[in-house]
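As provided, data_38.cif (mmCIF, C-alpha atoms and all ligand atoms) reads as follows.
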data_target
#
loop_
_atom_site.label_atom_id
_atom_site.label_comp_id
_atom_site.auth_asym_id
_atom_site.auth_seq_id
_atom_site.Cartn_x
_atom_site.Cartn_y
_atom_site.Cartn_z
CA MET N 157 -14.03 121.51 -75.04
CA THR N 158 -10.65 120.40 -73.75
CA VAL N 159 -9.25 122.86 -71.26
CA ASN N 160 -5.86 121.30 -70.56
CA PRO N 161 -3.70 120.29 -73.49
CA VAL N 162 -3.03 116.62 -72.71
CA SER N 163 -1.45 113.90 -74.79
CA ASN N 164 -3.42 111.08 -76.36
CA ASP N 165 -1.43 108.54 -74.38
CA PRO N 166 -3.37 106.20 -72.09
CA PRO N 167 -3.37 107.54 -68.48
CA LEU N 168 -0.63 105.30 -67.06
CA LEU N 169 1.74 105.99 -69.94
CA ALA N 170 0.98 109.72 -69.79
CA VAL N 171 1.86 109.84 -66.08
CA LEU N 172 5.09 107.90 -66.62
CA LYS N 173 5.99 110.55 -69.20
CA GLY N 174 5.44 113.29 -66.61
CA GLU N 175 1.77 114.33 -66.87
CA ARG N 176 -0.39 114.41 -63.75
CA ARG N 177 -3.75 112.66 -63.63
CA ASP N 178 -6.35 112.72 -60.88
CA PRO N 179 -7.48 110.14 -59.93
CA PRO N 180 -4.10 108.45 -60.43
CA PRO N 181 -3.76 105.52 -62.80
CA VAL N 182 -3.21 102.23 -60.98
CA TRP N 183 -1.71 98.77 -61.36
CA LEU N 184 -0.50 96.35 -58.69
CA MET N 185 2.78 94.50 -58.58
CA ARG N 186 2.08 90.77 -58.89
CA GLN N 187 -1.48 91.60 -59.92
CA ALA N 188 -1.74 88.27 -61.75
CA GLY N 189 -1.19 85.20 -59.63
CA ARG N 190 -2.15 82.97 -56.81
CA TYR N 191 -4.64 85.20 -54.96
CA LEU N 192 -6.92 84.79 -58.01
CA PRO N 193 -8.93 81.53 -58.25
CA GLU N 194 -8.89 81.71 -62.07
CA TYR N 195 -5.06 81.73 -61.97
CA ARG N 196 -4.93 78.74 -59.62
CA ALA N 197 -7.31 76.83 -61.90
CA LEU N 198 -5.18 77.44 -65.00
CA ARG N 199 -1.98 76.61 -63.11
CA ALA N 200 -3.45 73.28 -61.93
CA GLU N 201 -4.49 72.50 -65.51
CA LYS N 202 -1.07 73.32 -67.05
CA GLY N 203 0.96 71.69 -64.29
CA GLY N 204 3.40 74.39 -63.18
CA PHE N 205 4.53 77.98 -63.19
CA LEU N 206 7.15 77.70 -65.96
CA GLU N 207 4.69 75.79 -68.15
CA LEU N 208 2.44 78.86 -67.90
CA VAL N 209 5.23 81.38 -68.54
CA TYR N 210 6.45 79.70 -71.74
CA ASP N 211 2.93 79.12 -73.11
CA ALA N 212 2.07 82.46 -74.75
CA ASP N 213 -1.70 81.76 -74.82
CA ALA N 214 -1.77 80.84 -71.13
CA ALA N 215 0.54 83.69 -70.12
CA ALA N 216 -1.51 86.23 -72.09
CA GLU N 217 -4.72 84.94 -70.51
CA ILE N 218 -3.20 85.24 -67.01
CA THR N 219 -1.94 88.75 -67.76
CA LEU N 220 -5.50 89.78 -68.62
CA GLN N 221 -7.28 88.03 -65.71
CA PRO N 222 -6.85 90.80 -63.10
CA LEU N 223 -7.83 93.50 -65.62
CA ARG N 224 -11.18 91.81 -66.22
CA ARG N 225 -11.92 91.80 -62.51
CA PHE N 226 -10.59 95.18 -61.42
CA GLY N 227 -9.91 97.35 -64.49
CA MET N 228 -6.27 98.24 -63.91
CA ASP N 229 -4.65 100.94 -66.07
CA GLY N 230 -1.66 98.71 -66.77
CA ALA N 231 -1.23 95.10 -67.87
CA ILE N 232 2.07 93.66 -66.65
CA LEU N 233 3.45 90.80 -68.65
CA PHE N 234 2.99 87.52 -66.81
CA SER N 235 6.50 86.09 -66.54
CA ASP N 236 9.30 86.16 -63.96
CA ILE N 237 12.58 88.00 -63.49
CA LEU N 238 14.39 84.63 -63.42
CA ILE N 239 13.59 83.95 -67.09
CA VAL N 240 16.79 85.90 -67.86
CA PRO N 241 19.17 83.47 -66.09
CA HIS N 242 17.07 80.58 -67.40
CA GLY N 243 17.40 81.88 -70.96
CA MET N 244 21.15 82.33 -70.31
CA GLY N 245 21.43 78.60 -69.62
CA GLN N 246 21.00 78.07 -65.86
CA GLY N 247 18.51 75.40 -64.81
CA LEU N 248 15.41 76.86 -63.13
CA THR N 249 12.82 75.12 -60.97
CA PHE N 250 10.05 76.42 -58.73
CA GLY N 251 9.66 73.67 -56.15
CA PRO N 252 6.52 73.68 -54.00
CA GLY N 253 7.04 75.91 -50.98
CA GLU N 254 10.79 76.37 -51.42
CA GLY N 255 11.09 79.31 -53.84
CA PRO N 256 13.05 79.32 -57.10
CA GLN N 257 16.25 77.27 -57.53
CA LEU N 258 18.90 77.99 -60.19
CA SER N 259 21.49 75.35 -61.05
CA PRO N 260 24.36 75.15 -61.07
CA PRO N 261 24.93 78.17 -58.79
CA LEU N 262 27.73 80.47 -60.04
CA SER N 263 29.44 80.58 -56.65
CA ASP N 264 32.67 81.97 -58.13
CA GLY N 265 30.86 84.39 -60.45
CA LYS N 266 32.25 82.57 -63.52
CA PHE N 267 29.64 82.18 -66.22
CA ALA N 268 31.70 81.17 -69.28
CA GLN N 269 29.52 78.13 -69.95
CA LEU N 270 26.34 80.23 -70.13
CA GLU N 271 25.13 81.27 -73.57
CA PRO N 272 21.77 83.01 -74.08
CA ASN N 273 19.23 81.01 -76.06
CA PRO N 274 16.97 83.46 -77.92
CA GLU N 275 14.25 80.79 -78.18
CA TYR N 276 13.39 81.29 -74.50
CA PHE N 277 12.99 85.01 -74.92
CA ARG N 278 10.98 84.75 -78.15
CA LYS N 279 8.22 82.96 -76.24
CA ILE N 280 8.00 85.90 -73.86
CA TYR N 281 7.82 88.39 -76.76
CA ALA N 282 4.95 86.32 -78.18
CA THR N 283 3.04 86.82 -74.93
CA VAL N 284 3.63 90.58 -75.04
CA ALA N 285 2.35 90.75 -78.62
CA LYS N 286 -0.77 88.73 -77.79
CA VAL N 287 -1.62 90.84 -74.78
CA ARG N 288 -1.05 94.12 -76.59
CA ALA N 289 -3.30 93.02 -79.44
CA ALA N 290 -6.07 92.19 -76.96
CA LEU N 291 -5.77 95.36 -74.86
CA ASP N 292 -8.07 98.31 -74.97
CA PRO N 293 -6.02 101.37 -76.05
CA SER N 294 -6.77 103.01 -72.68
CA VAL N 295 -4.60 100.37 -70.97
CA THR N 296 -0.79 100.49 -70.98
CA MET N 297 1.25 97.34 -71.64
CA LEU N 298 4.17 96.98 -69.22
CA GLY N 299 7.24 94.84 -69.77
CA PHE N 300 9.84 94.12 -67.11
CA ALA N 301 13.13 92.57 -66.12
CA GLY N 302 15.09 92.12 -62.92
CA SER N 303 17.95 94.52 -62.31
CA PRO N 304 21.46 93.10 -62.72
CA TRP N 305 22.22 93.10 -58.97
CA THR N 306 19.04 91.21 -58.04
CA ILE N 307 19.46 88.73 -60.91
CA ALA N 308 23.11 88.18 -59.93
CA THR N 309 22.11 87.36 -56.33
CA TYR N 310 20.00 84.47 -57.61
CA MET N 311 22.58 83.35 -60.18
CA VAL N 312 25.43 83.26 -57.66
CA ALA N 313 23.61 81.70 -54.68
CA GLY N 314 21.27 79.54 -56.77
CA HIS N 315 18.33 80.69 -54.67
CA GLY N 316 16.88 83.67 -52.82
CA SER N 317 18.21 84.66 -49.40
CA LYS N 318 17.44 87.23 -46.72
CA ASP N 319 20.74 89.14 -46.83
CA GLN N 320 22.41 88.11 -50.14
CA ALA N 321 25.58 87.47 -48.13
CA GLU N 322 27.09 85.05 -50.63
CA THR N 323 26.84 87.50 -53.50
CA ARG N 324 27.96 90.47 -51.41
CA ARG N 325 31.05 88.47 -50.35
CA LEU N 326 31.86 87.61 -53.95
CA ALA N 327 31.44 91.25 -55.02
CA TYR N 328 34.06 92.30 -52.42
CA LYS N 329 36.40 89.32 -52.94
CA ASP N 330 36.47 89.21 -56.73
CA PRO N 331 35.04 92.47 -58.12
CA VAL N 332 36.54 91.78 -61.56
CA ALA N 333 34.69 88.48 -62.02
CA PHE N 334 31.54 89.98 -60.49
CA GLN N 335 31.70 93.05 -62.77
CA ALA N 336 31.96 90.74 -65.78
CA LEU N 337 28.84 88.88 -64.64
CA ILE N 338 26.96 92.16 -64.10
CA ASP N 339 28.04 93.42 -67.54
CA ARG N 340 26.81 90.22 -69.16
CA ILE N 341 23.42 90.53 -67.43
CA VAL N 342 23.22 94.19 -68.53
CA GLN N 343 23.81 93.18 -72.14
CA VAL N 344 21.22 90.37 -72.12
CA THR N 345 18.70 92.58 -70.27
CA VAL N 346 18.99 95.42 -72.80
CA ASP N 347 18.27 92.99 -75.64
CA TYR N 348 15.49 91.32 -73.67
CA LEU N 349 13.72 94.60 -72.81
CA SER N 350 14.16 95.82 -76.39
CA GLY N 351 12.51 92.60 -77.58
CA GLN N 352 9.56 93.23 -75.25
CA ILE N 353 9.27 96.84 -76.46
CA GLU N 354 9.39 95.79 -80.11
CA ALA N 355 6.64 93.24 -79.36
CA GLY N 356 4.40 95.96 -77.86
CA ALA N 357 5.49 96.93 -74.34
CA GLN N 358 4.88 100.67 -73.88
CA ALA N 359 6.90 101.09 -70.66
CA VAL N 360 9.21 98.78 -68.73
CA GLN N 361 10.02 98.26 -65.06
CA LEU N 362 13.35 97.15 -63.58
CA PHE N 363 12.76 95.19 -60.37
CA ASP N 364 15.66 95.52 -57.94
CA SER N 365 14.13 93.53 -55.10
CA TRP N 366 17.40 93.07 -53.19
CA ALA N 367 18.84 96.59 -53.58
CA GLY N 368 18.34 97.15 -49.83
CA THR N 369 21.24 95.13 -48.41
CA LEU N 370 24.12 97.03 -50.02
CA SER N 371 26.39 99.59 -48.35
CA PRO N 372 26.33 103.02 -50.05
CA ALA N 373 29.51 102.46 -52.11
CA GLN N 374 28.39 98.97 -53.18
CA PHE N 375 24.94 100.37 -53.99
CA GLU N 376 26.55 102.92 -56.31
CA ARG N 377 28.62 100.27 -58.02
CA TRP N 378 26.22 97.35 -58.33
CA VAL N 379 22.80 99.06 -58.43
CA VAL N 380 23.18 102.63 -59.70
CA ALA N 381 25.92 102.06 -62.32
CA PRO N 382 24.43 98.97 -64.06
CA THR N 383 20.96 100.54 -63.99
CA ALA N 384 22.34 103.71 -65.59
CA ASP N 385 24.06 101.50 -68.18
CA ILE N 386 20.78 99.75 -69.08
CA VAL N 387 18.84 103.03 -69.17
CA GLY N 388 21.44 104.71 -71.38
CA ARG N 389 21.47 101.86 -73.89
CA LEU N 390 17.68 101.47 -73.96
CA MET N 391 17.22 105.21 -74.47
CA VAL N 392 19.31 105.03 -77.61
CA ARG N 393 17.12 102.27 -79.03
CA HIS N 394 13.73 103.36 -77.65
CA PRO N 395 13.86 107.02 -76.60
CA ASP N 396 10.08 107.34 -76.02
CA VAL N 397 9.58 104.31 -73.78
CA PRO N 398 9.56 105.23 -70.06
CA ILE N 399 11.61 103.13 -67.65
CA ILE N 400 10.45 102.66 -64.07
CA GLY N 401 13.20 101.79 -61.58
CA PHE N 402 12.16 99.97 -58.41
CA PRO N 403 15.09 99.72 -55.97
CA LYS N 404 13.31 98.01 -53.11
CA GLY N 405 14.75 98.81 -49.70
CA ALA N 406 16.96 101.63 -51.00
CA GLY N 407 15.74 103.98 -48.26
CA ALA N 408 17.72 107.22 -48.16
CA LYS N 409 19.76 106.06 -51.20
CA LEU N 410 16.64 106.53 -53.31
CA ALA N 411 17.46 110.18 -53.95
CA ALA N 412 20.83 109.27 -55.51
CA TYR N 413 19.20 106.45 -57.48
CA ALA N 414 16.59 108.83 -58.91
CA ALA N 415 19.15 111.49 -59.75
CA GLU N 416 21.90 109.27 -61.20
CA THR N 417 20.36 106.31 -63.03
CA GLY N 418 18.36 108.23 -65.63
CA VAL N 419 15.17 106.25 -64.96
CA ASP N 420 11.99 108.13 -65.91
CA ALA N 421 10.04 107.13 -62.80
CA VAL N 422 10.80 105.52 -59.45
CA GLY N 423 8.85 102.85 -57.65
CA LEU N 424 8.64 103.35 -53.87
CA ASP N 425 8.39 100.46 -51.44
CA GLU N 426 6.07 100.71 -48.44
CA THR N 427 8.85 101.72 -46.02
CA ILE N 428 9.33 105.07 -47.82
CA ASP N 429 7.39 108.00 -46.35
CA PRO N 430 5.50 109.47 -49.34
CA ALA N 431 5.91 113.02 -47.96
CA TRP N 432 9.70 112.49 -47.66
CA ALA N 433 9.86 111.10 -51.19
CA ASP N 434 7.93 114.08 -52.53
CA ALA N 435 10.35 116.47 -50.83
CA MET N 436 13.52 114.56 -51.86
CA LEU N 437 12.89 113.55 -55.46
CA PRO N 438 13.51 115.80 -58.46
CA GLU N 439 10.59 118.09 -59.18
CA GLY N 440 8.11 116.61 -61.62
CA MET N 441 9.61 113.11 -61.55
CA PRO N 442 6.82 110.54 -61.64
CA VAL N 443 6.56 108.18 -58.67
CA GLN N 444 4.84 104.86 -58.28
CA GLY N 445 3.58 103.24 -55.10
CA ASN N 446 3.44 102.65 -52.27
CA LEU N 447 0.58 101.03 -50.37
CA ASP N 448 1.71 98.42 -47.85
CA PRO N 449 0.43 95.06 -49.20
CA LEU N 450 -0.53 94.23 -45.61
CA ALA N 451 -2.80 97.30 -45.39
CA LEU N 452 -4.61 95.82 -48.40
CA ILE N 453 -5.03 92.57 -46.49
CA ALA N 454 -6.30 94.46 -43.44
CA GLY N 455 -8.86 96.43 -45.49
CA GLY N 456 -11.39 98.84 -43.92
CA GLU N 457 -10.18 101.96 -42.15
CA ALA N 458 -6.50 100.93 -42.22
CA LEU N 459 -6.67 100.68 -46.00
CA GLU N 460 -8.66 103.89 -46.44
CA SER N 461 -6.33 106.04 -44.37
CA ALA N 462 -3.20 104.59 -46.01
CA VAL N 463 -4.60 105.31 -49.49
CA THR N 464 -5.58 108.88 -48.54
CA ARG N 465 -2.14 109.59 -47.05
CA ILE N 466 -0.34 108.45 -50.21
CA ARG N 467 -2.61 110.35 -52.56
CA ALA N 468 -2.38 113.53 -50.47
CA ALA N 469 1.43 113.43 -50.44
CA PHE N 470 1.53 113.21 -54.23
CA ASP N 471 -1.25 115.70 -54.96
CA THR N 472 0.99 117.84 -57.17
CA ARG N 473 3.34 115.20 -58.62
CA PRO N 474 2.73 112.67 -61.42
CA HIS N 475 1.75 109.56 -59.44
CA VAL N 476 0.95 105.99 -60.41
CA PHE N 477 -0.85 104.24 -57.60
CA ASN N 478 0.61 100.82 -56.77
CA LEU N 479 1.61 98.65 -53.85
CA GLY N 480 5.01 98.98 -52.19
CA HIS N 481 5.73 95.36 -53.10
CA GLY N 482 3.90 92.41 -54.67
CA ILE N 483 0.35 91.54 -53.68
CA VAL N 484 0.31 88.81 -51.03
CA LEU N 485 -1.20 85.38 -51.64
CA ASP N 486 -4.00 85.60 -49.05
CA THR N 487 -5.23 89.08 -50.06
CA PRO N 488 -9.07 89.10 -50.04
CA ILE N 489 -10.44 89.90 -53.48
CA ALA N 490 -13.12 92.11 -51.88
CA HIS N 491 -10.36 94.33 -50.48
CA VAL N 492 -8.83 94.77 -53.93
CA GLU N 493 -12.29 95.74 -55.20
CA HIS N 494 -12.62 98.23 -52.35
CA LEU N 495 -9.23 99.73 -53.22
CA PHE N 496 -10.38 100.35 -56.79
CA GLU N 497 -13.60 102.01 -55.55
CA LEU N 498 -11.53 104.30 -53.32
CA LEU N 499 -9.18 105.21 -56.14
CA ARG N 500 -11.96 106.21 -58.52
CA LYS N 501 -13.10 108.94 -56.13
CA PRO N 502 -11.46 112.35 -56.20
CA LEU N 503 -9.24 113.06 -53.19
O1 LIG N 601 3.62 91.48 -61.39
C1 LIG N 601 3.10 90.55 -62.05
O2 LIG N 601 1.93 90.17 -61.88
C2 LIG N 601 3.92 89.95 -63.20
C3 LIG N 601 4.54 88.69 -62.96
C4 LIG N 601 5.73 88.59 -62.02
C5 LIG N 601 6.00 87.39 -61.30
N1 LIG N 601 7.19 87.55 -60.64
C6 LIG N 601 5.16 86.20 -61.30
C7 LIG N 601 5.39 85.12 -60.32
C8 LIG N 601 6.76 89.48 -61.73
C9 LIG N 601 6.94 90.91 -62.19
C10 LIG N 601 7.68 88.81 -60.88
C11 LIG N 601 8.92 89.45 -60.39
C12 LIG N 601 9.78 88.70 -59.47
N2 LIG N 601 10.03 87.36 -59.42
C13 LIG N 601 10.61 89.32 -58.51
C14 LIG N 601 10.72 90.81 -58.31
C15 LIG N 601 9.63 91.38 -57.51
C16 LIG N 601 9.59 90.88 -56.08
O3 LIG N 601 8.61 90.21 -55.74
O4 LIG N 601 10.54 91.19 -55.34
C17 LIG N 601 11.33 88.32 -57.84
C18 LIG N 601 12.33 88.50 -56.71
C19 LIG N 601 10.96 87.07 -58.43
C20 LIG N 601 11.49 85.73 -58.12
C21 LIG N 601 10.42 84.80 -57.69
N3 LIG N 601 9.45 84.29 -58.51
C22 LIG N 601 10.23 84.23 -56.40
C23 LIG N 601 11.09 84.54 -55.18
C24 LIG N 601 9.12 83.38 -56.48
C25 LIG N 601 8.57 82.45 -55.42
C26 LIG N 601 7.91 83.15 -54.31
C27 LIG N 601 6.60 83.78 -54.71
O5 LIG N 601 6.44 84.98 -54.43
O6 LIG N 601 5.76 83.10 -55.27
C28 LIG N 601 8.61 83.47 -57.79
C29 LIG N 601 7.43 82.77 -58.34
C30 LIG N 601 6.37 83.57 -59.01
N4 LIG N 601 6.59 84.64 -59.84
C31 LIG N 601 4.97 83.35 -58.94
C32 LIG N 601 4.35 84.30 -59.77
C33 LIG N 601 2.87 84.44 -60.06
C34 LIG N 601 4.30 82.23 -58.16
C35 LIG N 601 4.34 80.99 -59.00
C36 LIG N 601 3.31 79.99 -58.59
O7 LIG N 601 3.61 79.22 -57.67
O8 LIG N 601 2.24 79.95 -59.21
#

Would you kindly transcribe this structure into structure tokens?
Ligand code: CP3
Amino acid sequence: MTVNPVSNDPPLLAVLKGERRDPPPVWLMRQAGRYLPEYRALRAEKGGFLELVYDADAAAEITLQPLRRFGMDGAILFSDILIVPHGMGQGLTFGPGEGPQLSPPLSDGKFAQLEPNPEYFRKIYATVAKVRAALDPSVTMLGFAGSPWTIATYMVAGHGSKDQAETRRLAYKDPVAFQALIDRIVQVTVDYLSGQIEAGAQAVQLFDSWAGTLSPAQFERWVVAPTADIVGRLMVRHPDVPIIGFPKGAGAKLAAYAAETGVDAVGLDETIDPAWADAMLPEGMPVQGNLDPLALIAGGEALESAVTRIRAAFDTRPHVFNLGHGIVLDTPIAHVEHLFELLRKPL
């Protein structure tokens, strides 16, 4: 006999829609990738990261690899946030040890020569469809994109940077050109996420990895406003698909982000105190996070106490367990296994 009326949604999707589950559903940012030997083997065989991303069979296989080992509640599409600028016409390379490079950089924010090529995005939708078809119905398929601000920082500088100074300067110096670039990314991102949803993604995450370097007014303008724009347009097309916003480094600005963007759930990075987040965020709003990836590397008691602290803080709120940022390359697989054992136990 069922005591609590609960939806038939798989656990992760149910929590993103506002139901509470205990133990919490779990997935890990960057759960597919280089810490897994089976990923490294396939990457060596195919020759490079982009070769994997644009090969739907390979990308679907990589998406499923961590689920076979650990049994996550979510499968996140294996791709990259920089596929959007690539599909818009910027050159993209992942050189060994140097991080991604986009060329030519849009130093002046002018992007007139860039025209999206739907062929790039169709390959990604093919991966989503393949994964969804292979997934057990208890697992939720997650799509994603970068947020306009974070994508713009790569498009303008041509590479990642610690403080995004080049893009922040441009945003102050020529806000009209920069707004036009942001608007263009918003438009492409709405179509791109809709394509993923139509191919089978059941929820989507917006990664705003570089949200943390903006002053409050710039944060409102370049993070909150474009995110609200994307959320508003996606809600018209796909009202039942939850959107997770992950403004990494937002700190105290998280409360405004949660209240103003319209996202269904917020991802918390590891610098956010879970008890503070629980007190600050709107009642009943689902949260995701926020184990320090380095506590997972440490393992043992450090890992156990960090997990307990997070779960205890969210013991009345819908909570998706995750890391506060992507899993790190040298994470021991045994520690990931231990994390999953811990999470299956009641608090
Ligand atoms: O979460 C997942 O498992 C899904 C796949 C995924 C990747 N990148 C695969 C990847 C996702 C969601 C991303 C997001 C991403 N990509 C972000 C946002 C999240 C974050 O980490 O802040 C950013 C900023 C990028 C851009 C990017 N891609 C960088 C800076 C790098 C190089 C540094 C690094 O961490 O490897 C990448 C490459 C990349 N993206 C790899 C993978 C598995 C490594 C590629 C390889 O060498 O095999």

> Residues around (5.5, 98.5, -51.7), cut-off 6 Å, counting only C-alpha atoms - what are they as a VMD selection string?
Replying inline: chain N and resid 425 to 426 446 to 448 479 to 481

> Between N:Glu322, N:Glu457, N:Asp420, N:Asp364, which has the minimum distance to Phe334 of chain N (counting all atoms listed in the file)?
Replying inline: N:Glu322

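Between Leu390 of chain N and the residues N:Val342, N:Ala214, N:Ala408, N:Leu499, the shortest atom-to-atom distance, using all atoms listed in the file, involves N:Val342.
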
> atom C5 of ligand LIG 601 (chain N) to atom CA of Thr283 of chain N: how many Å, to one decimal?
Replying inline: 14.0 Å

> Counting all atoms listed in the file, what residues are within 7 Å of ligand LIG 601 (chain N), given as a list of chain:residue names?
Replying inline: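 Those residues are N:Leu184, N:Met185, N:Arg186, N:Gln187, N:Ala188, N:Gly189, N:Arg190, N:Arg199, N:Gly204, N:Phe205, N:Ile232, N:Leu233, N:Phe234, N:Ser235, N:Asp236, N:Ile237, N:Leu238, N:Phe250, N:Gly255, N:Pro256, N:Phe300, N:Gly302, N:Gly316, N:Phe363, N:Asp364, N:Ser365, N:His481, N:Gly482.
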
>> Restricting the calculation to all atoms listed in the file: of N:Pro241, N:Phe226, N:Ile399, N:Val171, which residue gets closest to His494 of chain N?
In response: N:Phe226

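Restricting the calculation to all atoms listed in the file, the smallest distance between Gly243 of chain N and any of N:Val344, N:Ala321, N:Ile338, N:Val332 is found for N:Val344.
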